[in-house]
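Here the structure is laid out as structure tokens; the discussion comes afterwards.
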Amino acid sequence: MRSRTGCASALADRNARRYLSAVVVSGFGTMAMSLVAGIWVKSLTASDSLAALTSFCFWAPTAAGPALGAVVDVLGARPVLVWTNVVMGAALCLLFLVRSPEQVWLLFAVLLLYGVSFVVLDAAEAAVLPAAVPEALLAEVNGMRMSASEGTRLAAPLLGAGLFAVAGGDAVVALDAATFAAGAWLLGTLRLPAASARRARVTRGWAARTAEGARFLFRDPLLRRLILSGAALMLVSGVNGAVVFAVVDHGLHREPGFTGVLSAVQGGGTVLGGLIAGPLLRRAGEARLSAVGGLLFAASVALRAVPWTPVVTAASLLSGLGLPWVLVAAFTAVQRIAPRDLLATVSATANTVLFVPTAVGMALGAGLLALTSYRPVLYAAAFTGALAAAYGLRESRRAVSSPGRGRGRAC
């Protein structure tokens with residue numbers, strides 16, 4: 001028994017390392033391309049609006065998350081996880097053909113496919129991860145994934161922009177395609193229990209599966225509270241992001257470039273928050289961790305209204321620290337509770353509910369700034385965030401684990 005336990009532990013550790021390595025490698029290329037795409041379009045067309053449209057292509061498919069997650073469940077998360085990376089690496093090679101403004105449509109088409117791959121890969125990862133590592137490690141791996149993603153987000157765009165300036169868009173495309181290939185290989189080496197590696201027998205159609213995933217998410221008391229609370233907090237984060245230039249200009253009386261300093265501080269907080277999220281979740285549970293993270297984030301929003309640079313900088317650190325706890329708690333609860341054959345659908349639905357409000361919050365914040373100063377906006381957002389965190393703290397009567405979710409072991 002000791003030998004079997006040690007074997008399972010070694011397998012889980014190896015799977016966790018390979019998964020996190022894939023996140024870092026593929027995330028590096030993705031973050032580099034996310035900035036370079038706008039620069040590339042701007043350099044070809046001299047159009048600010050077209051350059052801004054590249055971000056829309058990256059994020060628009062998030063709204064189709066529930067349907068795309070159902071497709072992942074039907075096709076099988078493991079093959080989708082590997083082949084999506086392979087297909088994206090090949091699709092990126094089409095960008096070697098982009099040489100003039102008349103070919104920019106090809107860049108937008110690939111970027112839209114890129115956005116679809118974000119949603120599909122997130123759903124497939126959520127479905128594979130509970131089979132690849134024990135339930136006790138889910139929170140830690142989710143937290144480390146967030147830290148790794150934020151770390152690449154801080155470094156990769158600058159390196160990608162530098163590579164574009166020196167060698168052009170083709171060099172960035174080659175780098176990104178190579179990282180997709182490396183990600184496919186690393187994810188393909190994950191060793192799953194035999195029962196988990198097999199694709200579940202399809203007994204429901206795509207539309208029925210999409211609807212069932214949404215019903216499960218909102219019927220479960222714990223998931224419903226975590227997701228709705230998180231969605232409200234992500235709405236607040238969008239408002240918070242929209243007013244940052246007003247804070248720097250009118251509150252701190254600094255140049256717009258100081259927003260980069262605040263963004264870097266917030267990124268450092270996210271790295272730290274992700275690293276400690278796992279141990280904290282094991283002690284506090286999902287509901288309490290989400291509530292504490294939400295309250296920290298709400299406090300950071302209110303502190304941004306203080307016209308003093310050290311306080312606003314500390315607020316950025318608190319923002320980066322608290323918000324990951326909300327997301328890690330929600331993701332871990334979904335992976336722990338959702339049935340295996342619906343996990344990708346439920347996870348993709350949760351992602352849509354969580355992240356679409358960020359864009360809405362940005363538009364709302366921009367509109368409110370046209371009507372009033374930034375301080376009332378921040379105070380209202382902070383109050384909303386505190387209410388959302390309190391709502392998420394309400395205890396659920398659901399049992400700690402759901403029946404029928406046993407995990408196989410292999411070595």
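Identifiers in the structure tokens: chain A, B, ... in order shown; residue index from 1 per chain; ligand index from 1 in order shown.
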Practice problem: Can you pull out every residue within 9 Å of segment 318-329 of chain A, counting only C-alpha atoms, but drop anything in the same chain fewer than 2 positions away, and send it as a ChimeraX atom specification? | Solution: /A:139-140,142-143,146-147,226-227,229-230,233-234,237,265-274,276-278,280-281,285-301,313-316,331-334,354,389
Quiz item: Counting only C-alpha atoms, what is within 12 Å of Ala90 of chain A, bar same-chain residues fewer than 2 positions away, as a list in words?
Solution: Trp83, Thr84, Asn85, Val86, Val87, Met88, Leu92, Cys93, Leu94, Leu95, Phe96, Val110, Leu113, Tyr114, Val173, Ala174, Asp176, Ala177, Ala178, Thr179, Phe180, Ala181 and Ala184 of chain A
Please produce an output containing N, CA and C atoms for each residue in the selection, written as a PDB file, in the first residue's frame.
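For reference, out_15.pdb as written:
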```pdb
ATOM      1  N   TRP A  83      -4.731  18.675 -29.262  1.00  0.00           N
ATOM      2  CA  TRP A  83      -4.901  19.044 -30.664  1.00  0.00           C
ATOM      3  C   TRP A  83      -5.206  20.524 -30.854  1.00  0.00           C
ATOM      4  N   THR A  84      -5.798  21.175 -29.869  1.00  0.00           N
ATOM      5  CA  THR A  84      -6.007  22.620 -29.992  1.00  0.00           C
ATOM      6  C   THR A  84      -4.667  23.347 -30.066  1.00  0.00           C
ATOM      7  N   ASN A  85      -3.710  22.913 -29.248  1.00  0.00           N
ATOM      8  CA  ASN A  85      -2.373  23.499 -29.326  1.00  0.00           C
ATOM      9  C   ASN A  85      -1.728  23.240 -30.681  1.00  0.00           C
ATOM     10  N   VAL A  86      -1.903  22.030 -31.209  1.00  0.00           N
ATOM     11  CA  VAL A  86      -1.320  21.698 -32.511  1.00  0.00           C
ATOM     12  C   VAL A  86      -1.950  22.549 -33.613  1.00  0.00           C
ATOM     13  N   VAL A  87      -3.283  22.637 -33.602  1.00  0.00           N
ATOM     14  CA  VAL A  87      -3.984  23.402 -34.640  1.00  0.00           C
ATOM     15  C   VAL A  87      -3.621  24.883 -34.576  1.00  0.00           C
ATOM     16  N   MET A  88      -3.527  25.432 -33.352  1.00  0.00           N
ATOM     17  CA  MET A  88      -3.185  26.847 -33.233  1.00  0.00           C
ATOM     18  C   MET A  88      -1.755  27.105 -33.706  1.00  0.00           C
ATOM     19  N   LEU A  92      -1.182  29.711 -36.819  1.00  0.00           N
ATOM     20  CA  LEU A  92      -0.338  30.898 -36.713  1.00  0.00           C
ATOM     21  C   LEU A  92       0.597  31.052 -37.909  1.00  0.00           C
ATOM     22  N   CYS A  93       0.963  29.940 -38.528  1.00  0.00           N
ATOM     23  CA  CYS A  93       1.867  30.013 -39.676  1.00  0.00           C
ATOM     24  C   CYS A  93       1.234  30.758 -40.852  1.00  0.00           C
ATOM     25  N   LEU A  94      -0.099  30.870 -40.870  1.00  0.00           N
ATOM     26  CA  LEU A  94      -0.756  31.662 -41.915  1.00  0.00           C
ATOM     27  C   LEU A  94      -0.339  33.125 -41.847  1.00  0.00           C
ATOM     28  N   LEU A  95       0.074  33.567 -40.665  1.00  0.00           N
ATOM     29  CA  LEU A  95       0.450  34.976 -40.520  1.00  0.00           C
ATOM     30  C   LEU A  95       1.766  35.306 -41.215  1.00  0.00           C
ATOM     31  N   PHE A  96       2.512  34.288 -41.646  1.00  0.00           N
ATOM     32  CA  PHE A  96       3.707  34.557 -42.442  1.00  0.00           C
ATOM     33  C   PHE A  96       3.337  35.183 -43.790  1.00  0.00           C
ATOM     34  N   VAL A 110      -7.120  34.879 -37.701  1.00  0.00           N
ATOM     35  CA  VAL A 110      -6.316  34.023 -36.834  1.00  0.00           C
ATOM     36  C   VAL A 110      -6.479  34.430 -35.368  1.00  0.00           C
ATOM     37  N   LEU A 113      -9.677  33.019 -34.072  1.00  0.00           N
ATOM     38  CA  LEU A 113      -9.455  31.604 -33.769  1.00  0.00           C
ATOM     39  C   LEU A 113      -8.646  31.454 -32.488  1.00  0.00           C
ATOM     40  N   TYR A 114      -7.713  32.366 -32.282  1.00  0.00           N
ATOM     41  CA  TYR A 114      -6.919  32.401 -31.049  1.00  0.00           C
ATOM     42  C   TYR A 114      -7.841  32.555 -29.837  1.00  0.00           C
ATOM     43  N   VAL A 173       5.614  35.380 -34.598  1.00  0.00           N
ATOM     44  CA  VAL A 173       4.766  34.261 -35.012  1.00  0.00           C
ATOM     45  C   VAL A 173       5.511  32.939 -34.832  1.00  0.00           C
ATOM     46  N   ALA A 174       6.768  32.904 -35.250  1.00  0.00           N
ATOM     47  CA  ALA A 174       7.556  31.675 -35.100  1.00  0.00           C
ATOM     48  C   ALA A 174       7.708  31.300 -33.633  1.00  0.00           C
ATOM     49  N   ASP A 176       5.651  32.111 -31.131  1.00  0.00           N
ATOM     50  CA  ASP A 176       4.363  31.687 -30.593  1.00  0.00           C
ATOM     51  C   ASP A 176       3.994  30.289 -31.084  1.00  0.00           C
ATOM     52  N   ALA A 177       4.232  30.011 -32.364  1.00  0.00           N
ATOM     53  CA  ALA A 177       3.939  28.679 -32.902  1.00  0.00           C
ATOM     54  C   ALA A 177       4.777  27.614 -32.200  1.00  0.00           C
ATOM     55  N   ALA A 178       6.037  27.944 -31.923  1.00  0.00           N
ATOM     56  CA  ALA A 178       6.905  26.986 -31.224  1.00  0.00           C
ATOM     57  C   ALA A 178       6.416  26.725 -29.804  1.00  0.00           C
ATOM     58  N   THR A 179       5.919  27.764 -29.131  1.00  0.00           N
ATOM     59  CA  THR A 179       5.425  27.555 -27.765  1.00  0.00           C
ATOM     60  C   THR A 179       4.143  26.723 -27.762  1.00  0.00           C
ATOM     61  N   PHE A 180       3.302  26.872 -28.787  1.00  0.00           N
ATOM     62  CA  PHE A 180       2.121  26.008 -28.892  1.00  0.00           C
ATOM     63  C   PHE A 180       2.545  24.555 -29.089  1.00  0.00           C
ATOM     64  N   ALA A 181       3.551  24.332 -29.923  1.00  0.00           N
ATOM     65  CA  ALA A 181       4.029  22.966 -30.149  1.00  0.00           C
ATOM     66  C   ALA A 181       4.593  22.367 -28.860  1.00  0.00           C
ATOM     67  N   ALA A 184       1.726  21.491 -26.564  1.00  0.00           N
ATOM     68  CA  ALA A 184       1.062  20.252 -26.974  1.00  0.00           C
ATOM     69  C   ALA A 184       1.846  19.036 -26.511  1.00  0.00           C
TER      70      ALA A 184
END
```
So which residues touch Met31 of chain A within 10 Å, counting only C-alpha atoms, skipping near sequence neighbours fewer than 6 positions away, as a PDB file with all heavy atoms, in the first residue's frame?
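Written file, around.pdb:
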```pdb
ATOM      1  N   SER A 149       0.973  32.409 -14.868  1.00  0.00           N
ATOM      2  CA  SER A 149       0.400  33.215 -15.943  1.00  0.00           C
ATOM      3  C   SER A 149       0.706  34.690 -15.764  1.00  0.00           C
ATOM      4  O   SER A 149       1.034  35.397 -16.714  1.00  0.00           O
ATOM      5  CB  SER A 149      -1.119  33.008 -15.990  1.00  0.00           C
ATOM      6  OG  SER A 149      -1.435  31.665 -16.300  1.00  0.00           O
ATOM      7  N   GLU A 150       0.612  35.168 -14.523  1.00  0.00           N
ATOM      8  CA  GLU A 150       0.885  36.582 -14.266  1.00  0.00           C
ATOM      9  C   GLU A 150       2.364  36.891 -14.455  1.00  0.00           C
ATOM     10  O   GLU A 150       2.726  37.974 -14.945  1.00  0.00           O
ATOM     11  CB  GLU A 150       0.450  36.956 -12.853  1.00  0.00           C
ATOM     12  CG  GLU A 150       0.504  38.441 -12.556  1.00  0.00           C
ATOM     13  CD  GLU A 150      -0.416  39.252 -13.447  1.00  0.00           C
ATOM     14  OE1 GLU A 150      -1.490  38.732 -13.827  1.00  0.00           O
ATOM     15  OE2 GLU A 150      -0.071  40.406 -13.771  1.00  0.00           O
ATOM     16  N   THR A 152       4.414  35.462 -16.607  1.00  0.00           N
ATOM     17  CA  THR A 152       4.659  35.599 -18.044  1.00  0.00           C
ATOM     18  C   THR A 152       4.012  36.873 -18.588  1.00  0.00           C
ATOM     19  O   THR A 152       4.541  37.504 -19.500  1.00  0.00           O
ATOM     20  CB  THR A 152       4.115  34.388 -18.811  1.00  0.00           C
ATOM     21  OG1 THR A 152       2.707  34.246 -18.566  1.00  0.00           O
ATOM     22  CG2 THR A 152       4.820  33.118 -18.376  1.00  0.00           C
ATOM     23  N   ARG A 153       2.870  37.279 -18.003  1.00  0.00           N
ATOM     24  CA  ARG A 153       2.199  38.501 -18.443  1.00  0.00           C
ATOM     25  C   ARG A 153       3.069  39.730 -18.208  1.00  0.00           C
ATOM     26  O   ARG A 153       3.012  40.704 -18.962  1.00  0.00           O
ATOM     27  CB  ARG A 153       0.870  38.655 -17.705  1.00  0.00           C
ATOM     28  CG  ARG A 153      -0.006  39.792 -18.206  1.00  0.00           C
ATOM     29  CD  ARG A 153      -1.204  39.967 -17.291  1.00  0.00           C
ATOM     30  NE  ARG A 153      -1.984  38.757 -17.214  1.00  0.00           N
ATOM     31  CZ  ARG A 153      -2.955  38.438 -18.065  1.00  0.00           C
ATOM     32  NH1 ARG A 153      -3.266  39.253 -19.042  1.00  0.00           N
ATOM     33  NH2 ARG A 153      -3.620  37.312 -17.915  1.00  0.00           N
ATOM     34  N   LEU A 154       3.889  39.692 -17.154  1.00  0.00           N
ATOM     35  CA  LEU A 154       4.744  40.834 -16.850  1.00  0.00           C
ATOM     36  C   LEU A 154       5.928  40.940 -17.804  1.00  0.00           C
ATOM     37  O   LEU A 154       6.353  42.031 -18.171  1.00  0.00           O
ATOM     38  CB  LEU A 154       5.252  40.728 -15.404  1.00  0.00           C
ATOM     39  CG  LEU A 154       4.209  40.895 -14.297  1.00  0.00           C
ATOM     40  CD1 LEU A 154       4.827  40.611 -12.934  1.00  0.00           C
ATOM     41  CD2 LEU A 154       3.611  42.295 -14.330  1.00  0.00           C
ATOM     42  N   ALA A 155       6.485  39.791 -18.202  1.00  0.00           N
ATOM     43  CA  ALA A 155       7.721  39.803 -18.978  1.00  0.00           C
ATOM     44  C   ALA A 155       7.504  39.655 -20.479  1.00  0.00           C
ATOM     45  O   ALA A 155       8.160  40.320 -21.281  1.00  0.00           O
ATOM     46  CB  ALA A 155       8.654  38.694 -18.483  1.00  0.00           C
ATOM     47  N   ALA A 156       6.582  38.778 -20.880  1.00  0.00           N
ATOM     48  CA  ALA A 156       6.464  38.408 -22.286  1.00  0.00           C
ATOM     49  C   ALA A 156       6.092  39.566 -23.214  1.00  0.00           C
ATOM     50  O   ALA A 156       6.666  39.676 -24.306  1.00  0.00           O
ATOM     51  CB  ALA A 156       5.471  37.258 -22.438  1.00  0.00           C
ATOM     52  N   PRO A 157       5.123  40.447 -22.863  1.00  0.00           N
ATOM     53  CA  PRO A 157       4.785  41.520 -23.807  1.00  0.00           C
ATOM     54  C   PRO A 157       5.969  42.421 -24.145  1.00  0.00           C
ATOM     55  O   PRO A 157       6.138  42.814 -25.304  1.00  0.00           O
ATOM     56  CB  PRO A 157       3.684  42.297 -23.068  1.00  0.00           C
ATOM     57  CG  PRO A 157       3.054  41.288 -22.179  1.00  0.00           C
ATOM     58  CD  PRO A 157       4.201  40.425 -21.713  1.00  0.00           C
ATOM     59  N   LEU A 158       6.782  42.734 -23.151  1.00  0.00           N
ATOM     60  CA  LEU A 158       7.946  43.586 -23.425  1.00  0.00           C
ATOM     61  C   LEU A 158       8.940  42.883 -24.346  1.00  0.00           C
ATOM     62  O   LEU A 158       9.466  43.482 -25.289  1.00  0.00           O
ATOM     63  CB  LEU A 158       8.625  43.977 -22.109  1.00  0.00           C
ATOM     64  CG  LEU A 158       7.822  44.901 -21.187  1.00  0.00           C
ATOM     65  CD1 LEU A 158       8.581  45.138 -19.887  1.00  0.00           C
ATOM     66  CD2 LEU A 158       7.522  46.223 -21.882  1.00  0.00           C
ATOM     67  N   LEU A 159       9.187  41.608 -24.074  1.00  0.00           N
ATOM     68  CA  LEU A 159      10.114  40.856 -24.924  1.00  0.00           C
ATOM     69  C   LEU A 159       9.545  40.672 -26.322  1.00  0.00           C
ATOM     70  O   LEU A 159      10.273  40.744 -27.321  1.00  0.00           O
ATOM     71  CB  LEU A 159      10.424  39.507 -24.284  1.00  0.00           C
ATOM     72  CG  LEU A 159      11.221  39.570 -22.978  1.00  0.00           C
ATOM     73  CD1 LEU A 159      11.362  38.183 -22.366  1.00  0.00           C
ATOM     74  CD2 LEU A 159      12.599  40.184 -23.208  1.00  0.00           C
ATOM     75  N   GLY A 160       8.216  40.452 -26.404  1.00  0.00           N
ATOM     76  CA  GLY A 160       7.594  40.319 -27.716  1.00  0.00           C
ATOM     77  C   GLY A 160       7.679  41.607 -28.519  1.00  0.00           C
ATOM     78  O   GLY A 160       7.966  41.581 -29.715  1.00  0.00           O
ATOM     79  N   ASP A 176       5.651  32.111 -31.131  1.00  0.00           N
ATOM     80  CA  ASP A 176       4.363  31.687 -30.593  1.00  0.00           C
ATOM     81  C   ASP A 176       3.994  30.289 -31.084  1.00  0.00           C
ATOM     82  O   ASP A 176       3.485  29.454 -30.318  1.00  0.00           O
ATOM     83  CB  ASP A 176       3.283  32.697 -30.995  1.00  0.00           C
ATOM     84  CG  ASP A 176       2.047  32.588 -30.117  1.00  0.00           C
ATOM     85  OD1 ASP A 176       2.099  31.889 -29.093  1.00  0.00           O
ATOM     86  OD2 ASP A 176       1.031  33.212 -30.458  1.00  0.00           O
TER      87      ASP A 176
END
```
Quiz item: How many Å separate atom CA of Ala124 of chain A from atom CA of Arg224 of chain A?
Solution: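 Atom CA of Arg224 of chain A lies at a distance of 21.3 Å from atom CA of Ala124 of chain A.
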Could you give me, as CSV, a per-residue list for segment 315-364 of chain A showing, wherever an atom lies at most 8 Å from an atom of segment 73-78 of chain A, the closest pair of atoms and their distance in Å to one decimal, using only C-alpha atoms and sorting by chain then residue number from low to high?
```
residue,atom,partner,partner_atom,distance
A:Asp341,CA,A:Asp73,CA,6.4
A:Leu342,CA,A:Asp73,CA,6.3
A:Leu343,CA,A:Asp73,CA,7.4
A:Ala344,CA,A:Asp73,CA,5.7
A:Thr345,CA,A:Asp73,CA,6.6
```
Exercise. As a ChimeraX atom specification, list the residues of segment 236-404 of chain A assigned to alpha helix (DSSP H) by DSSP on the backbone atoms of this structure.
Key: /A:236-242,244-246,258-284,286-303,309-337,343-369,374-393
Please save C-alpha atoms of the selected residues as a short mmCIF file (atom, residue, chain, number, x, y, z; two decimals), in the first residue's frame.
```cif
data_model
loop_
_atom_site.label_atom_id
_atom_site.label_comp_id
_atom_site.auth_asym_id
_atom_site.auth_seq_id
_atom_site.Cartn_x
_atom_site.Cartn_y
_atom_site.Cartn_z
CA VAL A 236 -15.91 46.01 -9.98
CA SER A 237 -12.43 45.15 -11.29
CA GLY A 238 -13.46 46.44 -14.72
CA VAL A 239 -14.66 49.72 -13.20
CA ASN A 240 -11.45 49.89 -11.17
CA GLY A 241 -9.36 49.44 -14.30
CA ALA A 242 -11.30 52.07 -16.22
CA VAL A 244 -6.84 54.18 -13.29
CA PHE A 245 -5.82 57.00 -15.64
CA ALA A 246 -8.08 59.43 -13.76
CA PHE A 258 2.87 55.80 -13.96
CA THR A 259 0.00 53.42 -14.67
CA GLY A 260 2.68 50.96 -15.76
CA VAL A 261 4.22 51.09 -12.30
CA LEU A 262 0.86 50.41 -10.67
CA SER A 263 0.21 47.57 -13.11
CA ALA A 264 3.57 45.99 -12.28
CA VAL A 265 2.88 46.26 -8.53
CA GLN A 266 -0.54 44.68 -9.02
CA GLY A 267 1.07 41.91 -11.06
CA GLY A 268 3.50 41.23 -8.24
CA GLY A 269 0.56 40.99 -5.86
CA THR A 270 -1.11 38.48 -8.19
CA VAL A 271 2.00 36.31 -8.27
CA LEU A 272 2.14 36.31 -4.47
CA GLY A 273 -1.61 35.78 -4.12
CA GLY A 274 -1.55 32.78 -6.42
CA LEU A 275 1.38 31.17 -4.58
CA ILE A 276 -0.30 31.30 -1.18
CA ALA A 277 -3.87 30.62 -2.36
CA GLY A 278 -3.53 26.83 -2.13
CA PRO A 279 -2.40 26.62 1.51
CA LEU A 280 -4.97 29.25 2.52
CA LEU A 281 -7.78 27.40 0.78
CA ARG A 282 -6.95 24.15 2.56
CA ARG A 283 -7.29 25.97 5.88
CA ALA A 284 -10.27 28.21 5.16
CA GLU A 286 -13.52 28.03 -0.81
CA ALA A 287 -16.26 30.29 0.60
CA ARG A 288 -14.07 31.95 3.24
CA LEU A 289 -11.07 32.36 0.95
CA SER A 290 -13.25 33.98 -1.72
CA ALA A 291 -14.84 36.32 0.83
CA VAL A 292 -11.52 37.40 2.34
CA GLY A 293 -10.06 37.97 -1.12
CA GLY A 294 -13.13 39.94 -2.15
CA LEU A 295 -12.99 42.14 0.93
CA LEU A 296 -9.27 42.82 0.38
CA PHE A 297 -10.01 43.76 -3.20
CA ALA A 298 -12.93 46.02 -2.20
CA ALA A 299 -10.67 47.76 0.33
CA SER A 300 -8.03 48.28 -2.36
CA VAL A 301 -10.60 49.96 -4.62
CA ALA A 302 -11.59 52.38 -1.86
CA LEU A 303 -7.93 53.12 -1.05
CA THR A 309 1.13 57.74 -4.06
CA PRO A 310 2.17 55.24 -1.31
CA VAL A 311 -1.48 54.48 -0.50
CA VAL A 312 -2.47 54.02 -4.16
CA THR A 313 0.58 51.82 -4.73
CA ALA A 314 -0.33 49.70 -1.69
CA ALA A 315 -3.88 49.50 -3.04
CA SER A 316 -2.54 48.03 -6.28
CA LEU A 317 -0.66 45.39 -4.31
CA LEU A 318 -3.79 44.51 -2.31
CA SER A 319 -5.82 44.32 -5.50
CA GLY A 320 -3.40 41.85 -7.03
CA LEU A 321 -3.30 39.86 -3.81
CA GLY A 322 -7.03 39.52 -3.14
CA LEU A 323 -8.64 38.99 -6.53
CA PRO A 324 -6.75 35.73 -7.32
CA TRP A 325 -8.19 34.18 -4.16
CA VAL A 326 -11.70 34.79 -5.50
CA LEU A 327 -10.86 33.11 -8.80
CA VAL A 328 -8.87 30.20 -7.36
CA ALA A 329 -11.70 29.45 -4.93
CA ALA A 330 -14.27 29.43 -7.74
CA PHE A 331 -12.16 27.33 -10.14
CA THR A 332 -11.27 24.79 -7.46
CA ALA A 333 -14.88 24.42 -6.33
CA VAL A 334 -15.99 23.81 -9.93
CA GLN A 335 -13.31 21.16 -10.44
CA ARG A 336 -14.17 19.49 -7.15
CA ILE A 337 -17.95 19.46 -7.41
CA LEU A 343 -16.79 19.40 -16.13
CA ALA A 344 -15.62 21.24 -19.25
CA THR A 345 -19.12 22.64 -19.86
CA VAL A 346 -19.58 23.80 -16.27
CA SER A 347 -16.07 25.27 -16.17
CA ALA A 348 -16.49 27.17 -19.44
CA THR A 349 -19.85 28.49 -18.27
CA ALA A 350 -18.26 29.66 -15.03
CA ASN A 351 -15.48 31.40 -17.00
CA THR A 352 -18.04 33.24 -19.10
CA VAL A 353 -20.05 34.37 -16.08
CA LEU A 354 -16.87 35.47 -14.30
CA PHE A 355 -15.00 37.28 -17.04
CA VAL A 356 -17.62 38.90 -19.29
CA PRO A 357 -18.52 41.38 -16.48
CA THR A 358 -14.95 42.72 -16.61
CA ALA A 359 -15.56 44.21 -20.06
CA VAL A 360 -18.96 45.49 -18.93
CA GLY A 361 -17.30 47.11 -15.91
CA MET A 362 -14.75 48.86 -18.11
CA ALA A 363 -17.52 50.36 -20.25
CA LEU A 364 -19.53 51.29 -17.14
CA GLY A 365 -16.54 52.94 -15.49
CA ALA A 366 -15.78 54.94 -18.61
CA GLY A 367 -19.39 56.11 -18.79
CA LEU A 368 -19.53 57.09 -15.12
CA LEU A 369 -16.34 59.13 -15.46
CA TYR A 374 -13.39 59.26 -10.09
CA ARG A 375 -13.76 59.24 -6.27
CA PRO A 376 -17.54 58.62 -6.11
CA VAL A 377 -17.08 55.92 -8.74
CA LEU A 378 -14.43 54.19 -6.64
CA TYR A 379 -16.44 54.43 -3.43
CA ALA A 380 -19.54 52.99 -5.11
CA ALA A 381 -17.46 50.20 -6.66
CA ALA A 382 -15.82 49.38 -3.33
CA PHE A 383 -19.22 49.20 -1.60
CA THR A 384 -20.52 46.89 -4.34
CA GLY A 385 -17.44 44.69 -3.98
CA ALA A 386 -17.90 44.43 -0.21
CA LEU A 387 -21.54 43.40 -0.64
CA ALA A 388 -20.52 40.78 -3.22
CA ALA A 389 -17.87 39.34 -0.89
CA ALA A 390 -20.37 39.16 1.96
CA TYR A 391 -22.87 37.36 -0.27
CA GLY A 392 -20.25 34.79 -1.22
CA LEU A 393 -19.49 34.05 2.43
#
```
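The spacing separating atom CA of Gly188 of chain A from atom CA of Pro61 of chain A amounts to 25.0 Å.
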Self-check item: Two-atom distance - atom CA of Ala132 of chain A, atom CA of Val119 of chain A (Å)
Solution: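 Going from atom CA of Ala132 of chain A over to atom CA of Val119 of chain A covers 19.9 Å.
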